[in-house]
Amino acid sequence: MFDRLHLKSHTPDQLRARFAAEGIAAYRADQVVNWLYRQGVENPAEMTNLDVALREKLAHEWQARSLEPARLDRSTDGTLKAVLRAVDGAQIESVLIPEAGRTTLCVSTQVGCAMACTFCATGAMGFSRNLTAAEIVDQVCRMREVLEPSERITNIVFMGMGEPLLNLSAVRSAVEILIHPKALAFAPRRITVSTVGVVPRLRELLAIAPINLAVSLHATTDPIRDRLVPLNRKYPLDSLLAELRALDDVNDRRPVFFEYTLIEGVNDSLDDARRLPRLLRGIPSKLNLIPMNPHSDSEYRPPRPAVIDAFSAELARAGMRVTLRRSRGDDIGAACGQLALRGPARATSSRPNPEPMRWR
């Protein structure tokens with residue numbers, strides 16, 4: 001494909017091997033990696049410790065950028081959403097979420113999504129193609145450009161557009177670049193990959209590195225999950241949860257983060273709250289409750305605050321570790337379940353629509 005000779009689709013070790021095979025000293029790959037990821041320099045002409053011949057070779061035979069900024073919106077809560085354009089014209093969205101003491105980047109792994117989850121705007125788009133490893137990594141490179149010099153991205157979550165486990169080869173390479181000490185040097189515990197439950201690939205994902213696993217659960221019975229997450233018809237709750245219980249030898253009992261989108265009249269009953277602890281018994285876990293973020297592609301709505309509070313209280317009584325996730329960026333269509341390549345005007349919100357920002 002168009003990334004055949006893309007620097008960012010090669011892990012540092014792969015780039016060393018490739019350079020050596022072409023008769024280039026392997027240490028030159030380390031220098032290129034340093035320029036790309038530590039210095040943020042992507043023009044070979046500016047890689048001043050490389051000889052002129054190598055700089056010319058890189059300029060003519062290799063790519064260093066795979067995404068260009070098309071739009072940047074800032075939410076009233078400080079969240080940033082970028083539309084990024086690939087070399088073939090495909091567009092994706094990435095979201096930067098600043099919080100006290102941390103800045104989280106939510107990256108996409110596909111153009112659109114084939115999972116068709118009925119509460120998710122990305123699922124309504126359908127699927128176009130997988131992203132390359134370079135396109136996943138380049139989201140980090142582009143989004144750090146909008147930060148102030150004193151700021152940095154501290155956490156990466158694979159929770160943007162697409163199902164990461166259906167693009168596992170590129171996700172694996174991207175994670176290896178993210179955590180490599182000569183590249184972006186993120187600690188594995190700072191990286192979380194989310195899935196709706198592609199059961200046969202869970203073990204392969206966790207074998208990459210001791211990263212965090214998030215599972216989009218969203219229901220406590222198969223009939224409701226079949227409706228919300230169509231993949232459940234292939235991998236029902238029993239098979240998904242059984243596999244998660246069997247992963248102790250892979251994840252060293254790191255907790256699984258379960259995501260549960262609360263939808264009015266669908267999965268928000270006290271019976272659902274009572275079933276959850278029984279379902280997750282035997283799995284080291286933390287539960288993130290996410291009131292559904294409305295958008296124009298779904299008829300679903302979030303429950304009333306009193307219902308959310310009662311649901312949370314029931315889980316707390318059962319001793320579950322629960323976090324009620326506050327919506328971020330819903331006024332720019334950047335909240336969980338809203339990514340769908342639309343401007344702020346189509347996001348369902350009572351807040352005024354912000355103006356697009358200029359890329360620095």
# chains A, B, ... in the order shown; residues from 1 in each chain; ligands from 1
>>> closest_atom_pairs(of="region 15-65 of chain A", to="region 161-182 of chain A", cutoff="8 Å", atoms="only C-alpha atoms", output="CSV")
residue,atom,partner,partner_atom,distance
A:Asp30,CA,A:Lys182,CA,7.3
A:Val33,CA,A:Lys182,CA,6.9
A:Asn34,CA,A:Lys182,CA,6.7
>>> residues_around(residues="region 146-150 of chain A", least_positions_apart="4", cutoff="12 Å", atoms="only C-alpha atoms", output="ChimeraX atom specification")
/A:69,71-74,78-82,95-98,103-105,139-142,154,357-360
>>> write_last_selection(atoms="C-alpha atoms", output="PDB file, in the first residue's frame")
ATOM      1  CA  PRO A  69      -4.366  18.462   9.822  1.00  0.00           C
ATOM      2  CA  ARG A  71      -9.566  20.868  11.171  1.00  0.00           C
ATOM      3  CA  LEU A  72      -9.094  21.480  14.880  1.00  0.00           C
ATOM      4  CA  ASP A  73     -11.925  22.306  17.299  1.00  0.00           C
ATOM      5  CA  ARG A  74     -11.673  23.233  20.965  1.00  0.00           C
ATOM      6  CA  GLY A  78     -10.635  22.289  26.853  1.00  0.00           C
ATOM      7  CA  THR A  79     -10.952  19.065  24.859  1.00  0.00           C
ATOM      8  CA  LEU A  80      -9.436  19.251  21.364  1.00  0.00           C
ATOM      9  CA  LYS A  81     -10.751  17.285  18.390  1.00  0.00           C
ATOM     10  CA  ALA A  82      -8.764  17.092  15.173  1.00  0.00           C
ATOM     11  CA  VAL A  95      -9.239  13.679  20.520  1.00  0.00           C
ATOM     12  CA  LEU A  96      -6.913  15.274  23.069  1.00  0.00           C
ATOM     13  CA  ILE A  97      -8.286  15.442  26.614  1.00  0.00           C
ATOM     14  CA  PRO A  98      -6.431  17.635  29.112  1.00  0.00           C
ATOM     15  CA  THR A 103      -3.243  14.683  29.029  1.00  0.00           C
ATOM     16  CA  THR A 104      -4.867  11.761  27.246  1.00  0.00           C
ATOM     17  CA  LEU A 105      -4.903  11.245  23.486  1.00  0.00           C
ATOM     18  CA  GLN A 139      -1.863  10.920  15.353  1.00  0.00           C
ATOM     19  CA  VAL A 140       0.469  11.239  18.328  1.00  0.00           C
ATOM     20  CA  CYS A 141       2.955  13.277  16.306  1.00  0.00           C
ATOM     21  CA  ARG A 142       0.308  15.650  14.928  1.00  0.00           C
ATOM     22  CA  THR A 154       0.870  11.308  29.063  1.00  0.00           C
ATOM     23  CA  MET A 357      -8.754  26.586  15.817  1.00  0.00           C
ATOM     24  CA  ARG A 358      -5.694  27.172  13.724  1.00  0.00           C
ATOM     25  CA  TRP A 359      -2.934  24.543  13.821  1.00  0.00           C
ATOM     26  CA  ARG A 360       0.245  25.923  15.301  1.00  0.00           C
TER      27      ARG A 360
END
>>> atom_distance(atom1="CA of Arg55 (chain A)", atom2="CA of Leu67 (chain A)")
21.2 Å
>>> select_by_dssp(residues="region 202-359 of chain A", states="strand (DSSP E or B)", output="list in words")
Asn212, Leu213, Ala214, Val215, Ser216, Val256, Phe257, Phe258, Glu259, Tyr260, Thr261, Leu262, Ser285, Lys286, Leu287, Asn288, Leu289, Ile290, Pro291, His295, Val322, Thr323, Leu324, Ala347, Pro356 and Met357 of chain A
>>> write_last_selection(atoms="N, CA and C atoms", output="JSON list (two decimals), in the first residue's frame")
[["chain", "number", "residue", "atom", "x", "y", "z"],
["A", 212, "ASN", "N", -2.94, -1.88, 29.05],
["A", 212, "ASN", "CA", -4.26, -2.04, 29.66],
["A", 212, "ASN", "C", -5.28, -2.48, 28.61],
["A", 213, "LEU", "N", -6.21, -3.31, 29.04],
["A", 213, "LEU", "CA", -7.31, -3.77, 28.19],
["A", 213, "LEU", "C", -8.60, -3.17, 28.68],
["A", 214, "ALA", "N", -9.37, -2.58, 27.76],
["A", 214, "ALA", "CA", -10.72, -2.09, 28.05],
["A", 214, "ALA", "C", -11.70, -2.86, 27.17],
["A", 215, "VAL", "N", -12.78, -3.30, 27.77],
["A", 215, "VAL", "CA", -13.80, -4.07, 27.05],
["A", 215, "VAL", "C", -15.12, -3.32, 27.10],
["A", 216, "SER", "N", -15.67, -3.04, 25.93],
["A", 216, "SER", "CA", -16.96, -2.36, 25.84],
["A", 216, "SER", "C", -18.07, -3.37, 26.08],
["A", 256, "VAL", "N", -9.11, -5.56, 34.15],
["A", 256, "VAL", "CA", -9.75, -5.23, 32.89],
["A", 256, "VAL", "C", -10.67, -4.04, 33.14],
["A", 257, "PHE", "N", -10.60, -3.04, 32.27],
["A", 257, "PHE", "CA", -11.50, -1.90, 32.37],
["A", 257, "PHE", "C", -12.75, -2.20, 31.54],
["A", 258, "PHE", "N", -13.87, -2.33, 32.19],
["A", 258, "PHE", "CA", -15.13, -2.55, 31.48],
["A", 258, "PHE", "C", -15.83, -1.21, 31.29],
["A", 259, "GLU", "N", -16.28, -0.98, 30.07],
["A", 259, "GLU", "CA", -17.01, 0.25, 29.74],
["A", 259, "GLU", "C", -18.49, -0.10, 29.57],
["A", 260, "TYR", "N", -19.32, 0.67, 30.23],
["A", 260, "TYR", "CA", -20.75, 0.39, 30.22],
["A", 260, "TYR", "C", -21.48, 1.69, 29.93],
["A", 261, "THR", "N", -21.99, 1.82, 28.71],
["A", 261, "THR", "CA", -22.73, 3.01, 28.31],
["A", 261, "THR", "C", -24.17, 2.88, 28.80],
["A", 262, "LEU", "N", -24.58, 3.80, 29.64],
["A", 262, "LEU", "CA", -25.94, 3.78, 30.19],
["A", 262, "LEU", "C", -26.91, 4.43, 29.21],
["A", 285, "SER", "N", -11.22, -6.33, 37.84],
["A", 285, "SER", "CA", -11.85, -5.36, 36.94],
["A", 285, "SER", "C", -12.11, -4.03, 37.60],
["A", 286, "LYS", "N", -12.26, -3.03, 36.76],
["A", 286, "LYS", "CA", -12.78, -1.71, 37.11],
["A", 286, "LYS", "C", -13.87, -1.39, 36.10],
["A", 287, "LEU", "N", -14.93, -0.74, 36.55],
["A", 287, "LEU", "CA", -16.06, -0.46, 35.68],
["A", 287, "LEU", "C", -16.18, 1.05, 35.47],
["A", 288, "ASN", "N", -16.22, 1.45, 34.20],
["A", 288, "ASN", "CA", -16.46, 2.84, 33.84],
["A", 288, "ASN", "C", -17.90, 2.98, 33.35],
["A", 289, "LEU", "N", -18.70, 3.72, 34.08],
["A", 289, "LEU", "CA", -20.06, 4.01, 33.64],
["A", 289, "LEU", "C", -20.05, 5.27, 32.79],
["A", 290, "ILE", "N", -20.69, 5.20, 31.60],
["A", 290, "ILE", "CA", -20.66, 6.31, 30.66],
["A", 290, "ILE", "C", -22.10, 6.64, 30.26],
["A", 291, "PRO", "N", -22.70, 7.68, 30.82],
["A", 291, "PRO", "CA", -24.01, 8.07, 30.32],
["A", 291, "PRO", "C", -23.94, 8.33, 28.82],
["A", 295, "HIS", "N", -26.40, 11.83, 19.85],
["A", 295, "HIS", "CA", -25.98, 12.34, 18.55],
["A", 295, "HIS", "C", -27.09, 12.05, 17.55],
["A", 322, "VAL", "N", -16.07, 1.38, 40.70],
["A", 322, "VAL", "CA", -16.85, 2.05, 39.67],
["A", 322, "VAL", "C", -16.42, 3.51, 39.54],
["A", 323, "THR", "N", -16.30, 3.96, 38.29],
["A", 323, "THR", "CA", -16.07, 5.38, 38.00],
["A", 323, "THR", "C", -17.18, 5.86, 37.07],
["A", 324, "LEU", "N", -17.81, 6.95, 37.43],
["A", 324, "LEU", "CA", -18.79, 7.58, 36.54],
["A", 324, "LEU", "C", -18.03, 8.57, 35.67],
["A", 347, "ALA", "N", -23.35, 18.00, 16.57],
["A", 347, "ALA", "CA", -23.32, 17.35, 17.88],
["A", 347, "ALA", "C", -24.50, 17.85, 18.71],
["A", 356, "PRO", "N", -13.47, 26.86, 14.85],
["A", 356, "PRO", "CA", -12.29, 26.03, 14.59],
["A", 356, "PRO", "C", -11.02, 26.75, 14.98],
["A", 357, "MET", "N", -10.04, 26.02, 15.46],
["A", 357, "MET", "CA", -8.75, 26.59, 15.82],
["A", 357, "MET", "C", -7.79, 26.47, 14.66]]
>>> select_by_dssp(residues="region 80-269 of chain A", states="alpha helix (DSSP H)", output="VMD selection string")
chain A and resid 121 to 125 133 to 143 168 to 179 202 to 206 222 to 228 237 to 245 248 to 251
>>> residues_around(residues="Arg65 (chain A)", least_positions_apart="2", cutoff="10 Å", atoms="only C-alpha atoms", output="PDB file with N, CA, C and O atoms, in the first residue's frame")
ATOM      1  N   ASP A   3       2.079   3.016   2.209  1.00  0.00           N
ATOM      2  CA  ASP A   3       3.077   3.176   3.267  1.00  0.00           C
ATOM      3  C   ASP A   3       4.218   2.165   3.136  1.00  0.00           C
ATOM      4  O   ASP A   3       4.913   1.884   4.084  1.00  0.00           O
ATOM      5  N   HIS A   6       7.335   3.618   4.526  1.00  0.00           N
ATOM      6  CA  HIS A   6       7.037   4.679   5.489  1.00  0.00           C
ATOM      7  C   HIS A   6       7.845   4.453   6.751  1.00  0.00           C
ATOM      8  O   HIS A   6       7.808   3.391   7.350  1.00  0.00           O
ATOM      9  N   LEU A   7       8.590   5.474   7.154  1.00  0.00           N
ATOM     10  CA  LEU A   7       9.451   5.344   8.331  1.00  0.00           C
ATOM     11  C   LEU A   7       8.654   4.970   9.576  1.00  0.00           C
ATOM     12  O   LEU A   7       9.098   4.148  10.386  1.00  0.00           O
ATOM     13  N   LYS A   8       7.464   5.538   9.733  1.00  0.00           N
ATOM     14  CA  LYS A   8       6.694   5.314  10.954  1.00  0.00           C
ATOM     15  C   LYS A   8       5.893   4.019  10.939  1.00  0.00           C
ATOM     16  O   LYS A   8       5.238   3.696  11.921  1.00  0.00           O
ATOM     17  N   LEU A  36      12.653  11.718  14.383  1.00  0.00           N
ATOM     18  CA  LEU A  36      11.211  11.621  14.184  1.00  0.00           C
ATOM     19  C   LEU A  36      10.432  11.799  15.480  1.00  0.00           C
ATOM     20  O   LEU A  36       9.463  12.562  15.547  1.00  0.00           O
ATOM     21  N   GLU A  42      10.670  15.844  10.670  1.00  0.00           N
ATOM     22  CA  GLU A  42      10.266  14.856   9.665  1.00  0.00           C
ATOM     23  C   GLU A  42      10.841  15.144   8.284  1.00  0.00           C
ATOM     24  O   GLU A  42      10.713  14.321   7.378  1.00  0.00           O
ATOM     25  N   ASN A  43      11.479  16.262   8.115  1.00  0.00           N
ATOM     26  CA  ASN A  43      12.124  16.599   6.848  1.00  0.00           C
ATOM     27  C   ASN A  43      13.563  16.083   6.883  1.00  0.00           C
ATOM     28  O   ASN A  43      14.382  16.574   7.680  1.00  0.00           O
ATOM     29  N   TRP A  62      11.533   7.364   0.976  1.00  0.00           N
ATOM     30  CA  TRP A  62      10.781   7.105   2.201  1.00  0.00           C
ATOM     31  C   TRP A  62       9.814   8.246   2.493  1.00  0.00           C
ATOM     32  O   TRP A  62      10.065   9.389   2.138  1.00  0.00           O
ATOM     33  N   GLN A  63       8.723   7.901   3.165  1.00  0.00           N
ATOM     34  CA  GLN A  63       7.788   8.893   3.682  1.00  0.00           C
ATOM     35  C   GLN A  63       8.003   9.045   5.185  1.00  0.00           C
ATOM     36  O   GLN A  63       8.352   8.086   5.865  1.00  0.00           O
ATOM     37  N   LEU A  67      -0.231  11.848   7.888  1.00  0.00           N
ATOM     38  CA  LEU A  67      -1.459  12.587   8.164  1.00  0.00           C
ATOM     39  C   LEU A  67      -1.179  14.082   8.155  1.00  0.00           C
ATOM     40  O   LEU A  67      -0.129  14.529   8.616  1.00  0.00           O
ATOM     41  N   GLU A  68      -2.152  14.830   7.658  1.00  0.00           N
ATOM     42  CA  GLU A  68      -2.079  16.283   7.686  1.00  0.00           C
ATOM     43  C   GLU A  68      -3.330  16.824   8.366  1.00  0.00           C
ATOM     44  O   GLU A  68      -4.420  16.272   8.213  1.00  0.00           O
ATOM     45  N   ALA A  86      -5.421  11.626   5.490  1.00  0.00           N
ATOM     46  CA  ALA A  86      -4.365  10.736   5.007  1.00  0.00           C
ATOM     47  C   ALA A  86      -4.011  11.075   3.558  1.00  0.00           C
ATOM     48  O   ALA A  86      -4.710  11.851   2.893  1.00  0.00           O
ATOM     49  N   VAL A  87      -2.943  10.457   3.062  1.00  0.00           N
ATOM     50  CA  VAL A  87      -2.470  10.789   1.712  1.00  0.00           C
ATOM     51  C   VAL A  87      -3.444  10.352   0.633  1.00  0.00           C
ATOM     52  O   VAL A  87      -3.419  10.881  -0.475  1.00  0.00           O
ATOM     53  N   ALA A 134       1.757   3.647  10.626  1.00  0.00           N
ATOM     54  CA  ALA A 134       2.223   5.034  10.508  1.00  0.00           C
ATOM     55  C   ALA A 134       1.095   6.016  10.791  1.00  0.00           C
ATOM     56  O   ALA A 134       1.296   7.047  11.436  1.00  0.00           O
ATOM     57  N   GLU A 135      -0.100   5.715  10.310  1.00  0.00           N
ATOM     58  CA  GLU A 135      -1.228   6.619  10.524  1.00  0.00           C
ATOM     59  C   GLU A 135      -1.679   6.630  11.984  1.00  0.00           C
ATOM     60  O   GLU A 135      -2.174   7.645  12.471  1.00  0.00           O
ATOM     61  N   VAL A 137       0.467   6.053  14.609  1.00  0.00           N
ATOM     62  CA  VAL A 137       1.534   6.771  15.315  1.00  0.00           C
ATOM     63  C   VAL A 137       1.515   8.260  14.973  1.00  0.00           C
ATOM     64  O   VAL A 137       1.759   9.111  15.842  1.00  0.00           O
ATOM     65  N   ASP A 138       1.186   8.585  13.733  1.00  0.00           N
ATOM     66  CA  ASP A 138       1.215   9.991  13.327  1.00  0.00           C
ATOM     67  C   ASP A 138       0.149  10.821  14.038  1.00  0.00           C
ATOM     68  O   ASP A 138       0.278  12.050  14.113  1.00  0.00           O
ATOM     69  N   CYS A 141       2.035  12.234  16.771  1.00  0.00           N
ATOM     70  CA  CYS A 141       2.955  13.277  16.306  1.00  0.00           C
ATOM     71  C   CYS A 141       2.216  14.566  15.947  1.00  0.00           C
ATOM     72  O   CYS A 141       2.687  15.669  16.262  1.00  0.00           O
ATOM     73  N   ARG A 142       1.052  14.439  15.290  1.00  0.00           N
ATOM     74  CA  ARG A 142       0.308  15.650  14.928  1.00  0.00           C
ATOM     75  C   ARG A 142      -0.302  16.318  16.154  1.00  0.00           C
ATOM     76  O   ARG A 142      -0.282  17.546  16.278  1.00  0.00           O
TER      77      ARG A 142
END
>>> residues_around(residues="Pro303 (chain A)", least_positions_apart="5", cutoff="10 Å", atoms="only C-alpha atoms", output="MDAnalysis selection string")
chainID A and resid 262:269 291:292 308:309
>>> write_last_selection(atoms="C-alpha atoms", output="PDB file, in the first residue's frame")
ATOM      1  CA  LEU A 262     -25.943   3.776  30.194  1.00  0.00           C
ATOM      2  CA  ILE A 263     -28.925   4.139  27.846  1.00  0.00           C
ATOM      3  CA  GLU A 264     -32.347   5.224  28.989  1.00  0.00           C
ATOM      4  CA  GLY A 265     -34.802   2.331  29.224  1.00  0.00           C
ATOM      5  CA  VAL A 266     -32.397  -0.148  27.630  1.00  0.00           C
ATOM      6  CA  ASN A 267     -29.676  -1.191  30.103  1.00  0.00           C
ATOM      7  CA  ASP A 268     -30.130   1.132  33.081  1.00  0.00           C
ATOM      8  CA  SER A 269     -32.383  -0.883  35.407  1.00  0.00           C
ATOM      9  CA  PRO A 291     -24.012   8.073  30.318  1.00  0.00           C
ATOM     10  CA  MET A 292     -24.820   7.823  26.620  1.00  0.00           C
ATOM     11  CA  ILE A 308     -27.652   7.061  36.977  1.00  0.00           C
ATOM     12  CA  ASP A 309     -27.162   7.724  40.689  1.00  0.00           C
TER      13      ASP A 309
END
>>> residues_around(residues="Ile224 (chain A)", least_positions_apart="5", cutoff="12 Å", atoms="only C-alpha atoms", output="VMD selection string")
chain A and resid 117 to 118 217 to 219 229 to 233 236 to 237 263 265 to 268 272
>>> closest_residue(among="A:Val157, A:Leu240, A:Leu184, A:Ala316", to="Thr109 (chain A)", atoms="only C-alpha atoms")
A:Val157
>>> closest_residue(among="A:Leu131, A:Ile332, A:Thr122, A:Ala59", to="Leu84 (chain A)", atoms="only C-alpha atoms")
A:Leu131
>>> atom_distance(atom1="CA of Pro277 (chain A)", atom2="CA of Arg227 (chain A)")
21.5 Å
>>> residues_around(residues="Asn49 (chain A)", least_positions_apart="5", cutoff="12 Å", atoms="only C-alpha atoms", output="CSV table (one decimal) with N, CA and C atoms, in the first residue's frame")
chain,number,residue,atom,x,y,z
A,27,TYR,N,23.1,2.0,12.9
A,27,TYR,CA,23.0,3.1,13.9
A,27,TYR,C,22.3,4.3,13.3
A,28,ARG,N,22.4,4.4,12.0
A,28,ARG,CA,21.7,5.5,11.3
A,28,ARG,C,20.2,5.5,11.5
A,29,ALA,N,19.6,4.2,11.6
A,29,ALA,CA,18.2,4.1,11.9
A,29,ALA,C,17.9,4.7,13.3
A,30,ASP,N,18.8,4.5,14.2
A,30,ASP,CA,18.6,5.1,15.6
A,30,ASP,C,18.5,6.6,15.5
A,31,GLN,N,19.4,7.2,14.7
A,31,GLN,CA,19.4,8.6,14.5
A,31,GLN,C,18.1,9.1,13.9
A,32,VAL,N,17.6,8.4,12.9
A,32,VAL,CA,16.4,8.8,12.2
A,32,VAL,C,15.2,8.7,13.2
A,34,ASN,N,15.4,9.0,16.4
A,34,ASN,CA,15.5,10.1,17.3
A,34,ASN,C,14.9,11.4,16.7
A,35,TRP,N,15.3,11.7,15.5
A,35,TRP,CA,14.7,12.9,14.8
A,35,TRP,C,13.2,12.9,14.8
A,44,PRO,N,13.9,15.1,6.0
A,44,PRO,CA,15.3,14.6,6.1
A,44,PRO,C,16.4,15.6,5.9
A,54,LEU,N,22.5,10.0,2.5
A,54,LEU,CA,21.3,9.3,3.2
A,54,LEU,C,20.1,10.3,3.3
A,55,ARG,N,20.4,11.5,3.5
A,55,ARG,CA,19.3,12.5,3.5
A,55,ARG,C,18.5,12.5,2.2
>>> atom_distance(atom1="CA of Ser128 (chain A)", atom2="CA of Val111 (chain A)")
5.4 Å
